[in-house]
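Quick look at entry_0.pdb (PDB, C-alpha atoms):
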```pdb
ATOM      1  CA  MET A  14       0.000   0.000   0.000
ATOM      2  CA  ILE A  15       1.241   3.472  -0.951
ATOM      3  CA  ALA A  16       0.122   6.644   0.804
ATOM      4  CA  LEU A  17       0.503   9.984  -0.942
ATOM      5  CA  PHE A  18       0.638  12.998   1.363
ATOM      6  CA  GLY A  19      -0.109  16.140  -0.616
ATOM      7  CA  ALA A  20      -2.129  16.411  -3.816
ATOM      8  CA  GLY A  21      -0.973  19.570  -5.524
ATOM      9  CA  GLU A  22       0.226  19.481  -9.131
ATOM     10  CA  MET A  23       3.358  17.501  -8.282
ATOM     11  CA  GLY A  24       1.466  15.121  -6.025
ATOM     12  CA  GLU A  25      -1.175  14.450  -8.655
ATOM     13  CA  ALA A  26       1.496  13.882 -11.306
ATOM     14  CA  LEU A  27       3.078  11.217  -9.113
ATOM     15  CA  LEU A  28      -0.342   9.725  -8.430
ATOM     16  CA  ALA A  29      -1.072   9.548 -12.155
ATOM     17  CA  GLY A  30       2.311   7.898 -12.706
ATOM     18  CA  LEU A  31       1.544   5.253 -10.107
ATOM     19  CA  VAL A  32      -1.774   4.485 -11.801
ATOM     20  CA  ARG A  33      -0.140   4.309 -15.244
ATOM     21  CA  SER A  34       2.494   1.914 -13.924
ATOM     22  CA  GLY A  35      -0.217  -0.565 -12.989
ATOM     23  CA  ARG A  36      -0.980   0.285  -9.375
ATOM     24  CA  GLY A  37      -4.630  -0.329  -8.645
ATOM     25  CA  PRO A  38      -6.740   2.317  -6.893
ATOM     26  CA  ASP A  39      -7.073  -0.044  -3.931
ATOM     27  CA  GLU A  40      -3.274   0.102  -3.516
ATOM     28  CA  ILE A  41      -3.111   3.893  -3.125
ATOM     29  CA  LEU A  42      -4.274   6.163  -0.325
ATOM     30  CA  VAL A  43      -4.313   9.946  -0.594
ATOM     31  CA  VAL A  44      -4.013  12.399   2.286
ATOM     32  CA  GLU A  45      -5.470  15.745   1.236
ATOM     33  CA  PRO A  46      -7.068  18.164   3.741
ATOM     34  CA  ARG A  47      -9.048  20.056   1.094
ATOM     35  CA  ALA A  48     -12.294  18.111   0.784
ATOM     36  CA  GLU A  49     -13.091  19.357  -2.719
ATOM     37  CA  ARG A  50      -9.638  18.432  -3.970
ATOM     38  CA  ALA A  51      -9.837  15.008  -2.329
ATOM     39  CA  ASP A  52     -13.204  14.371  -3.976
ATOM     40  CA  ASP A  53     -11.762  15.363  -7.347
ATOM     41  CA  LEU A  54      -8.913  12.845  -7.008
ATOM     42  CA  LYS A  55     -11.298  10.104  -5.884
ATOM     43  CA  TRP A  56     -13.441  10.734  -8.963
ATOM     44  CA  LYS A  57     -10.488  10.852 -11.408
ATOM     45  CA  TYR A  58      -8.412   7.952 -10.079
ATOM     46  CA  GLY A  59     -10.711   5.901  -7.875
ATOM     47  CA  VAL A  60      -8.370   6.201  -4.887
ATOM     48  CA  SER A  61      -9.409   6.599  -1.257
ATOM     49  CA  ALA A  62      -8.755   9.790   0.713
ATOM     50  CA  VAL A  63      -8.006   9.171   4.381
ATOM     51  CA  PRO A  64      -6.646  11.011   7.449
ATOM     52  CA  PRO A  65      -2.837  11.076   7.913
ATOM     53  CA  GLN A  66      -2.799   8.646  10.845
ATOM     54  CA  LYS A  67      -4.861   6.045   8.984
ATOM     55  CA  ALA A  68      -2.584   6.301   5.946
ATOM     56  CA  ALA A  69       0.500   5.787   8.119
ATOM     57  CA  GLU A  70      -1.043   2.709   9.724
ATOM     58  CA  ALA A  71      -1.974   1.105   6.416
ATOM     59  CA  ALA A  72       0.896   1.920   4.037
ATOM     60  CA  ASP A  73       4.339   0.400   3.626
ATOM     61  CA  THR A  74       5.483   3.337   1.466
ATOM     62  CA  LEU A  75       4.798   7.026   2.061
ATOM     63  CA  LEU A  76       5.242   9.704  -0.588
ATOM     64  CA  VAL A  77       5.475  13.083   1.155
ATOM     65  CA  VAL A  78       4.790  15.910  -1.300
ATOM     66  CA  VAL A  79       3.898  18.836   0.972
ATOM     67  CA  ARG A  80       5.377  22.283   1.564
ATOM     68  CA  PRO A  81       8.611  22.215   3.592
ATOM     69  CA  GLN A  82       7.137  24.177   6.505
ATOM     70  CA  HIS A  83       4.417  21.557   6.932
ATOM     71  CA  VAL A  84       6.773  18.587   7.122
ATOM     72  CA  PRO A  85       7.734  18.598  10.843
ATOM     73  CA  GLY A  86       4.131  18.801  12.052
ATOM     74  CA  LEU A  87       3.003  16.091   9.640
ATOM     75  CA  LEU A  88       5.802  13.752  10.683
ATOM     76  CA  ASP A  89       5.074  14.293  14.374
ATOM     77  CA  ASP A  90       1.400  13.448  13.751
ATOM     78  CA  ILE A  91       2.084  10.195  11.922
ATOM     79  CA  ALA A  92       5.177   8.968  13.799
ATOM     80  CA  PRO A  93       3.226   6.968  16.437
ATOM     81  CA  HIS A  94       1.209   5.287  13.684
ATOM     82  CA  LEU A  95       4.005   4.441  11.243
ATOM     83  CA  ARG A  96       4.446   0.798  10.350
ATOM     84  CA  SER A  97       7.825  -0.751  11.125
ATOM     85  CA  GLY A  98      10.140  -0.601   8.113
ATOM     86  CA  CYS A  99       7.852   1.765   6.194
ATOM     87  CA  LEU A 100       9.733   3.558   3.399
ATOM     88  CA  VAL A 101       9.344   7.333   3.466
ATOM     89  CA  VAL A 102      10.045   9.164   0.194
ATOM     90  CA  SER A 103      10.187  12.902   0.834
ATOM     91  CA  ALA A 104       9.873  15.420  -1.995
ATOM     92  CA  ALA A 105       9.821  18.468   0.301
ATOM     93  CA  ALA A 106      12.366  20.999  -0.997
ATOM     94  CA  GLY A 107      15.363  21.567   1.251
ATOM     95  CA  ILE A 108      14.335  19.041   3.906
ATOM     96  CA  PRO A 109      17.258  16.725   4.782
ATOM     97  CA  THR A 110      16.702  13.058   5.526
ATOM     98  CA  ARG A 111      18.093  13.500   9.045
ATOM     99  CA  LEU A 112      15.194  15.819   9.916
ATOM    100  CA  VAL A 113      12.665  13.272   8.671
ATOM    101  CA  GLU A 114      14.438  10.544  10.649
ATOM    102  CA  GLN A 115      14.498  12.654  13.813
ATOM    103  CA  HIS A 116      10.790  13.433  13.731
ATOM    104  CA  LEU A 117       9.776   9.849  12.981
ATOM    105  CA  GLY A 118      12.096   8.287  15.547
ATOM    106  CA  GLY A 119      13.739   4.899  15.381
ATOM    107  CA  GLU A 120      15.567   3.936  12.196
ATOM    108  CA  PRO A 121      13.123   4.619   9.349
ATOM    109  CA  PRO A 122      14.345   4.163   5.764
ATOM    110  CA  VAL A 123      14.069   7.611   4.160
ATOM    111  CA  ILE A 124      14.707   8.619   0.561
ATOM    112  CA  ARG A 125      14.933  12.298  -0.368
ATOM    113  CA  VAL A 126      13.825  13.190  -3.879
ATOM    114  CA  MET A 127      13.865  16.377  -5.917
ATOM    115  CA  PRO A 128      11.490  16.014  -8.887
ATOM    116  CA  ASN A 129      10.707  18.784 -11.356
ATOM    117  CA  THR A 130       7.461  19.881 -12.973
ATOM    118  CA  PRO A 131       7.900  18.039 -16.311
ATOM    119  CA  VAL A 132       6.801  14.952 -14.372
ATOM    120  CA  LEU A 133       3.381  16.321 -15.338
ATOM    121  CA  VAL A 134       4.084  15.234 -18.925
ATOM    122  CA  GLU A 135       6.145  12.139 -18.066
ATOM    123  CA  SER A 136       9.397  13.932 -18.903
ATOM    124  CA  GLY A 137      10.582  14.767 -15.420
ATOM    125  CA  MET A 138      13.895  14.371 -13.666
ATOM    126  CA  SER A 139      13.882  12.965 -10.152
ATOM    127  CA  VAL A 140      17.109  12.992  -8.134
ATOM    128  CA  ILE A 141      17.076  10.589  -5.185
ATOM    129  CA  SER A 142      19.339  10.326  -2.142
ATOM    130  CA  PRO A 143      19.225   7.751   0.670
ATOM    131  CA  GLY A 144      19.136   8.546   4.356
ATOM    132  CA  ARG A 145      21.180   6.697   6.975
ATOM    133  CA  TYR A 146      18.857   3.719   7.195
ATOM    134  CA  ALA A 147      17.905   3.337   3.526
ATOM    135  CA  GLY A 148      19.587   0.638   1.494
ATOM    136  CA  GLU A 149      19.688  -0.627  -2.071
ATOM    137  CA  GLU A 150      16.243  -2.201  -1.803
ATOM    138  CA  HIS A 151      14.725   1.142  -0.777
ATOM    139  CA  LEU A 152      16.481   2.994  -3.584
ATOM    140  CA  ARG A 153      15.121   0.506  -6.117
ATOM    141  CA  ARG A 154      11.606   0.908  -4.723
ATOM    142  CA  ALA A 155      11.880   4.678  -5.016
ATOM    143  CA  GLU A 156      13.099   4.352  -8.599
ATOM    144  CA  GLU A 157      10.169   2.074  -9.393
ATOM    145  CA  LEU A 158       7.729   4.634  -8.001
ATOM    146  CA  LEU A 159       9.233   7.596  -9.842
ATOM    147  CA  SER A 160      10.312   6.144 -13.193
ATOM    148  CA  PRO A 161       6.789   6.289 -14.740
ATOM    149  CA  VAL A 162       7.016  10.097 -14.736
ATOM    150  CA  GLY A 163      10.525  10.498 -16.128
ATOM    151  CA  LYS A 164      14.183   9.776 -15.512
ATOM    152  CA  VAL A 165      15.563   8.948 -12.063
ATOM    153  CA  ILE A 166      19.183   9.331 -10.969
ATOM    154  CA  ARG A 167      20.947   8.764  -7.668
ATOM    155  CA  LEU A 168      23.065  11.376  -5.920
ATOM    156  CA  ASP A 169      24.651  11.729  -2.503
ATOM    157  CA  GLU A 170      22.484  13.953  -0.340
ATOM    158  CA  GLU A 171      25.192  16.608  -0.169
ATOM    159  CA  GLY A 172      24.376  17.309  -3.810
ATOM    160  CA  GLN A 173      20.623  17.764  -3.347
ATOM    161  CA  ASP A 174      20.729  21.563  -3.048
ATOM    162  CA  ALA A 175      22.638  21.687  -6.324
ATOM    163  CA  ALA A 176      20.133  19.225  -7.829
ATOM    164  CA  THR A 177      17.336  21.569  -6.794
ATOM    165  CA  ALA A 178      19.073  24.372  -8.673
ATOM    166  CA  LEU A 179      20.086  22.313 -11.722
ATOM    167  CA  SER A 180      16.951  20.231 -12.106
ATOM    168  CA  GLY A 181      14.110  21.272  -9.831
ATOM    169  CA  SER A 182      14.220  24.948 -10.816
ATOM    170  CA  ALA A 183      15.742  24.455 -14.252
ATOM    171  CA  PRO A 184      12.545  24.272 -16.334
ATOM    172  CA  ALA A 185      11.869  27.886 -15.367
ATOM    173  CA  TYR A 186      15.273  28.925 -16.722
ATOM    174  CA  PHE A 187      14.475  27.423 -20.099
ATOM    175  CA  TYR A 188      11.004  28.954 -20.119
ATOM    176  CA  TYR A 189      12.655  32.313 -19.452
ATOM    177  CA  VAL A 190      15.065  31.932 -22.372
ATOM    178  CA  ILE A 191      12.345  30.666 -24.718
ATOM    179  CA  GLU A 192       9.991  33.453 -23.655
ATOM    180  CA  ASN A 193      12.553  36.111 -24.503
ATOM    181  CA  MET A 194      13.540  34.504 -27.798
ATOM    182  CA  ILE A 195       9.881  34.511 -28.845
ATOM    183  CA  LYS A 196       9.609  38.170 -27.853
ATOM    184  CA  ALA A 197      12.707  38.940 -29.921
ATOM    185  CA  GLY A 198      11.158  37.207 -32.919
ATOM    186  CA  ALA A 199       7.964  39.220 -32.511
ATOM    187  CA  ASP A 200      10.007  42.422 -32.308
ATOM    188  CA  LEU A 201      11.599  41.451 -35.632
ATOM    189  CA  GLY A 202       8.175  41.091 -37.215
ATOM    190  CA  VAL A 203       7.724  37.337 -37.039
ATOM    191  CA  PRO A 204       4.171  36.260 -36.100
ATOM    192  CA  ARG A 205       4.178  35.062 -32.487
ATOM    193  CA  GLU A 206       2.909  31.570 -33.283
ATOM    194  CA  ALA A 207       5.567  31.069 -35.948
ATOM    195  CA  ALA A 208       8.273  32.418 -33.617
ATOM    196  CA  GLN A 209       7.207  29.988 -30.928
ATOM    197  CA  ASP A 210       7.250  27.048 -33.336
ATOM    198  CA  MET A 211      10.763  27.943 -34.488
ATOM    199  CA  VAL A 212      12.148  28.406 -30.998
ATOM    200  CA  LEU A 213      10.580  25.251 -29.561
ATOM    201  CA  GLN A 214      11.796  23.155 -32.484
ATOM    202  CA  ALA A 215      15.291  24.625 -32.134
ATOM    203  CA  ALA A 216      15.266  23.723 -28.427
ATOM    204  CA  GLU A 217      14.063  20.184 -29.092
ATOM    205  CA  GLY A 218      16.604  19.774 -31.878
ATOM    206  CA  ALA A 219      19.474  21.020 -29.732
ATOM    207  CA  VAL A 220      18.643  18.525 -26.972
ATOM    208  CA  ALA A 221      18.291  15.725 -29.540
ATOM    209  CA  MET A 222      21.700  16.601 -30.988
ATOM    210  CA  LEU A 223      23.309  16.516 -27.539
ATOM    211  CA  ARG A 224      21.783  13.134 -26.748
ATOM    212  CA  SER A 225      22.414  11.489 -30.120
ATOM    213  CA  THR A 226      25.951  12.720 -30.802
ATOM    214  CA  GLY A 227      27.398  12.526 -27.298
ATOM    215  CA  GLU A 228      29.275  15.756 -27.985
ATOM    216  CA  THR A 229      29.656  18.482 -25.379
ATOM    217  CA  PRO A 230      27.490  21.603 -25.617
ATOM    218  CA  GLY A 231      30.623  23.635 -26.284
ATOM    219  CA  THR A 232      31.646  21.445 -29.227
ATOM    220  CA  LEU A 233      28.219  21.646 -30.833
ATOM    221  CA  ARG A 234      28.039  25.391 -30.226
ATOM    222  CA  GLU A 235      31.371  25.869 -31.971
ATOM    223  CA  SER A 236      30.252  23.704 -34.894
ATOM    224  CA  VAL A 237      27.496  26.179 -35.804
ATOM    225  CA  THR A 238      29.481  29.335 -35.051
ATOM    226  CA  SER A 239      31.193  30.603 -38.189
ATOM    227  CA  SER A 240      33.726  33.390 -37.855
ATOM    228  CA  GLY A 241      32.021  36.677 -38.596
ATOM    229  CA  GLY A 242      28.628  35.009 -39.030
ATOM    230  CA  THR A 243      25.218  35.531 -37.497
ATOM    231  CA  THR A 244      25.662  33.032 -34.667
ATOM    232  CA  GLN A 245      28.924  34.626 -33.616
ATOM    233  CA  ALA A 246      27.253  38.031 -33.563
ATOM    234  CA  ALA A 247      24.577  36.694 -31.243
ATOM    235  CA  LEU A 248      26.982  34.868 -28.945
ATOM    236  CA  THR A 249      29.326  37.854 -28.732
ATOM    237  CA  THR A 250      26.387  39.965 -27.594
ATOM    238  CA  LEU A 251      25.484  37.386 -24.944
ATOM    239  CA  ASP A 252      29.073  37.398 -23.701
ATOM    240  CA  ASP A 253      29.173  41.196 -23.658
ATOM    241  CA  GLU A 254      25.962  41.247 -21.619
ATOM    242  CA  GLY A 255      27.373  38.774 -19.118
ATOM    243  CA  VAL A 256      24.707  36.137 -19.727
ATOM    244  CA  GLY A 257      26.988  33.180 -18.946
ATOM    245  CA  PRO A 258      28.077  34.457 -15.513
ATOM    246  CA  ALA A 259      24.490  35.554 -14.805
ATOM    247  CA  PHE A 260      23.216  32.025 -15.414
ATOM    248  CA  ARG A 261      25.865  30.522 -13.155
ATOM    249  CA  ALA A 262      24.991  33.067 -10.468
ATOM    250  CA  ALA A 263      21.311  32.202 -10.853
ATOM    251  CA  VAL A 264      21.960  28.492 -10.306
ATOM    252  CA  GLU A 265      24.097  29.280  -7.270
ATOM    253  CA  ALA A 266      21.314  31.478  -5.878
ATOM    254  CA  ALA A 267      18.783  28.657  -6.265
ATOM    255  CA  ALA A 268      21.105  26.197  -4.497
ATOM    256  CA  ARG A 269      21.687  28.698  -1.695
ATOM    257  CA  ARG A 270      17.944  29.203  -1.271
ATOM    258  CA  SER A 271      17.416  25.451  -1.076
ATOM    259  CA  ARG A 272      19.883  25.289   1.811
ATOM    260  CA  GLU A 273      18.141  28.207   3.496
ATOM    261  CA  LEU A 274      14.738  26.540   3.261
ATOM    262  CA  GLY A 275      16.077  23.485   5.010
ATOM    263  CA  GLU A 276      17.723  25.572   7.716
ATOM    264  CA  GLN A 277      14.535  27.518   8.360
ATOM    265  CA  VAL A 278      12.569  24.352   8.990
ATOM    266  CA  THR A 279      15.256  22.584  11.002
TER     267      THR A 279
END
```
Structure translated into structure tokens:
Amino acid sequence: MIALFGAGEMGEALLAGLVRSGRGPDEILVVEPRAERADDLKWKYGVSAVPPQKAAEAADTLLVVVRPQHVPGLLDDIAPHLRSGCLVVSAAAGIPTRLVEQHLGGEPPVIRVMPNTPVLVESGMSVISPGRYAGEEHLRRAEELLSPVGKVIRLDEEGQDAATALSGSAPAYFYYVIENMIKAGADLGVPREAAQDMVLQAAEGAVAMLRSTGETPGTLRESVTSSGGTTQAALTTLDDEGVGPAFRAAVEAAARRSRELGEQVT
């Protein structure tokens, strides 16, 4: 039995992934305090919505997808009801496994995961890290739960704040770049719909080239940059505007904020 705590967009995406992977509605419990939202999920997926304590008593795997500030109180509420050996998979940003372990007591197997929003379209990236009491079996179970909504990789927990910056927040960076490229096309007189088609196809093609060729981004960038050509003019402008350092600073800021969120809760 799997219990899902939290049914926002990310929680529902994981729920949908579980259903697609063959989990029956009778194998999934949802904990959602908003009655209307709980009813909606029951209607769409056929799952049962139950109180936190009942979910903890019944499930052998918990998926915690709630806001970081709500995690300590939730864990304190369910700790006395948790089944022995229950796997806890926490997707709360910035929350270290040691905090989850402390609030639950004993030696619970805990996996920390940082998914990103493309899990909504089965193209997500989930980065998982084991706590002190989680072993290979628990990591495999977490991978099985998360793989229906995208790719899953393992990382030592020390790298989770960087993973938040590089993966969790990263879709927004690309949306920002694409948004501004489309605006530039419109400014040059290209119809917005056509500009969007061109930019999205260029983005998809660039990723496909990276995956299929195995070349580095720098190598592929150089291969389309002719001396004195249009691409060089664009890239020189980006360098002059400090876009490269700005992006690196942005990623560092996101990683720093992830650490701060965890510190605020702990």
One-decimal distance in Å that lies between atom CA of A:Ala219 and atom CA of A:Ser240: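 Atom CA of A:Ser240 sits 20.5 Å away from atom CA of A:Ala219.
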Identify, on the basis of only C-alpha atoms, every residue whose closest approach to A:His116 does not exceed 9 Å; exclude the query and any residue fewer than 2 positions from it along the same chain; express the result as a VMD selection string. chain A and resid 85 to 86 88 to 89 92 111 to 114 118
Output of the above residues as an mmCIF file, in the frame of the given file, restricted to C-alpha atoms:
```cif
data_model
loop_
_atom_site.group_PDB
_atom_site.id
_atom_site.type_symbol
_atom_site.label_atom_id
_atom_site.label_comp_id
_atom_site.auth_asym_id
_atom_site.auth_seq_id
_atom_site.Cartn_x
_atom_site.Cartn_y
_atom_site.Cartn_z
ATOM 1 C CA PRO A 85 7.734 18.598 10.843
ATOM 2 C CA GLY A 86 4.131 18.801 12.052
ATOM 3 C CA LEU A 88 5.802 13.752 10.683
ATOM 4 C CA ASP A 89 5.074 14.293 14.374
ATOM 5 C CA ALA A 92 5.177 8.968 13.799
ATOM 6 C CA ARG A 111 18.093 13.500 9.045
ATOM 7 C CA LEU A 112 15.194 15.819 9.916
ATOM 8 C CA VAL A 113 12.665 13.272 8.671
ATOM 9 C CA GLU A 114 14.438 10.544 10.649
ATOM 10 C CA GLY A 118 12.096 8.287 15.547
#
```
Nearest to A:Ala104: which of A:Met127, A:Ala71, A:Leu28, A:Ala263 is it, counting all atoms listed in the file? A:Met127
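Atom CA of A:Tyr189 is found 27.6 Å from atom CA of A:Gly241.
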Residues picked by the PyMOL selection byres ((chain A and resi 64) around 9) here, as number ranges by chain? A: 43-46, 62-63, 65-69
Just-selected residues, C-alpha atoms written as a PDB file, in the frame of the given file:
```
ATOM      1  CA  VAL A  43      -4.313   9.946  -0.594  1.00  0.00           C
ATOM      2  CA  VAL A  44      -4.013  12.399   2.286  1.00  0.00           C
ATOM      3  CA  GLU A  45      -5.470  15.745   1.236  1.00  0.00           C
ATOM      4  CA  PRO A  46      -7.068  18.164   3.741  1.00  0.00           C
ATOM      5  CA  ALA A  62      -8.755   9.790   0.713  1.00  0.00           C
ATOM      6  CA  VAL A  63      -8.006   9.171   4.381  1.00  0.00           C
ATOM      7  CA  PRO A  65      -2.837  11.076   7.913  1.00  0.00           C
ATOM      8  CA  GLN A  66      -2.799   8.646  10.845  1.00  0.00           C
ATOM      9  CA  LYS A  67      -4.861   6.045   8.984  1.00  0.00           C
ATOM     10  CA  ALA A  68      -2.584   6.301   5.946  1.00  0.00           C
ATOM     11  CA  ALA A  69       0.500   5.787   8.119  1.00  0.00           C
TER      12      ALA A  69
END
```
Atom CA of A:Arg125 and atom CA of A:Ser160, how far apart in Å? 15.0 Å
Excluding A:Ala178 and residues on its chain fewer than 4 positions from it, collect all residues at most 9 Å away from it, counting all atoms listed in the file, and give them as JSON, numbers by chain. {"A": [173, 174, 182, 183, 263, 264, 265, 266, 267, 268, 269, 270, 271]}
Please, which residues are within 6 Å of (-0.2, 7.7, 3.5) by the file's coordinates, counting all atoms listed in the file, and could they come as a list in words?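 I get Ala16, Leu17, Phe18, Leu42, Ala68, Ala69, Ala72 and Leu75 of chain A for the residues within 6 Å of that point.
Of the residues under consideration (A:Gly59, A:Pro184, A:Pro93, A:Gly137), A:Pro93 shows the shortest atom-to-atom contact distance to A:Leu117 when counting only C-alpha atoms.
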Taking into account all atoms listed in the file, which residue in the set A:Ala185, A:Ala221, A:Ala197, A:Ala26 is nearest to A:Ser136?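 Comparing A:Ala185, A:Ala221, A:Ala197, A:Ala26 against A:Ser136, the winner is A:Ala26.
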Atoms added to stretch 159-173 of chain A (N, CA and C atoms), reported as a PDB file, in the coordinates of the input:
```pdb
ATOM      1  N   LEU A 159       9.044   6.328  -9.145  1.00  0.00           N
ATOM      2  CA  LEU A 159       9.233   7.596  -9.842  1.00  0.00           C
ATOM      3  C   LEU A 159       9.490   7.450 -11.336  1.00  0.00           C
ATOM      4  N   SER A 160       9.948   6.299 -11.782  1.00  0.00           N
ATOM      5  CA  SER A 160      10.312   6.144 -13.193  1.00  0.00           C
ATOM      6  C   SER A 160       9.143   6.318 -14.166  1.00  0.00           C
ATOM      7  N   PRO A 161       7.875   6.051 -13.773  1.00  0.00           N
ATOM      8  CA  PRO A 161       6.789   6.289 -14.740  1.00  0.00           C
ATOM      9  C   PRO A 161       6.618   7.750 -15.142  1.00  0.00           C
ATOM     10  N   VAL A 162       7.187   8.681 -14.390  1.00  0.00           N
ATOM     11  CA  VAL A 162       7.016  10.097 -14.736  1.00  0.00           C
ATOM     12  C   VAL A 162       8.309  10.741 -15.238  1.00  0.00           C
ATOM     13  N   GLY A 163       9.300   9.927 -15.581  1.00  0.00           N
ATOM     14  CA  GLY A 163      10.525  10.498 -16.128  1.00  0.00           C
ATOM     15  C   GLY A 163      11.764   9.727 -15.712  1.00  0.00           C
ATOM     16  N   LYS A 164      12.893  10.388 -15.825  1.00  0.00           N
ATOM     17  CA  LYS A 164      14.183   9.776 -15.512  1.00  0.00           C
ATOM     18  C   LYS A 164      14.481   9.916 -14.022  1.00  0.00           C
ATOM     19  N   VAL A 165      15.178   8.927 -13.470  1.00  0.00           N
ATOM     20  CA  VAL A 165      15.563   8.948 -12.063  1.00  0.00           C
ATOM     21  C   VAL A 165      17.068   8.709 -11.968  1.00  0.00           C
ATOM     22  N   ILE A 166      17.762   9.552 -11.213  1.00  0.00           N
ATOM     23  CA  ILE A 166      19.183   9.331 -10.969  1.00  0.00           C
ATOM     24  C   ILE A 166      19.453   9.400  -9.471  1.00  0.00           C
ATOM     25  N   ARG A 167      20.540   8.762  -9.066  1.00  0.00           N
ATOM     26  CA  ARG A 167      20.947   8.764  -7.668  1.00  0.00           C
ATOM     27  C   ARG A 167      22.074   9.785  -7.450  1.00  0.00           C
ATOM     28  N   LEU A 168      22.055  10.386  -6.270  1.00  0.00           N
ATOM     29  CA  LEU A 168      23.065  11.376  -5.920  1.00  0.00           C
ATOM     30  C   LEU A 168      23.226  11.379  -4.409  1.00  0.00           C
ATOM     31  N   ASP A 169      24.456  11.562  -3.942  1.00  0.00           N
ATOM     32  CA  ASP A 169      24.651  11.729  -2.503  1.00  0.00           C
ATOM     33  C   ASP A 169      23.868  12.943  -2.028  1.00  0.00           C
ATOM     34  N   GLU A 170      23.365  12.888  -0.809  1.00  0.00           N
ATOM     35  CA  GLU A 170      22.484  13.953  -0.340  1.00  0.00           C
ATOM     36  C   GLU A 170      23.162  15.314  -0.306  1.00  0.00           C
ATOM     37  N   GLU A 171      24.479  15.332  -0.164  1.00  0.00           N
ATOM     38  CA  GLU A 171      25.192  16.608  -0.169  1.00  0.00           C
ATOM     39  C   GLU A 171      24.976  17.377  -1.468  1.00  0.00           C
ATOM     40  N   GLY A 172      24.600  16.669  -2.515  1.00  0.00           N
ATOM     41  CA  GLY A 172      24.376  17.309  -3.810  1.00  0.00           C
ATOM     42  C   GLY A 172      22.936  17.700  -4.069  1.00  0.00           C
ATOM     43  N   GLN A 173      22.035  17.507  -3.097  1.00  0.00           N
ATOM     44  CA  GLN A 173      20.623  17.764  -3.347  1.00  0.00           C
ATOM     45  C   GLN A 173      20.301  19.248  -3.536  1.00  0.00           C
TER      46      GLN A 173
END
```
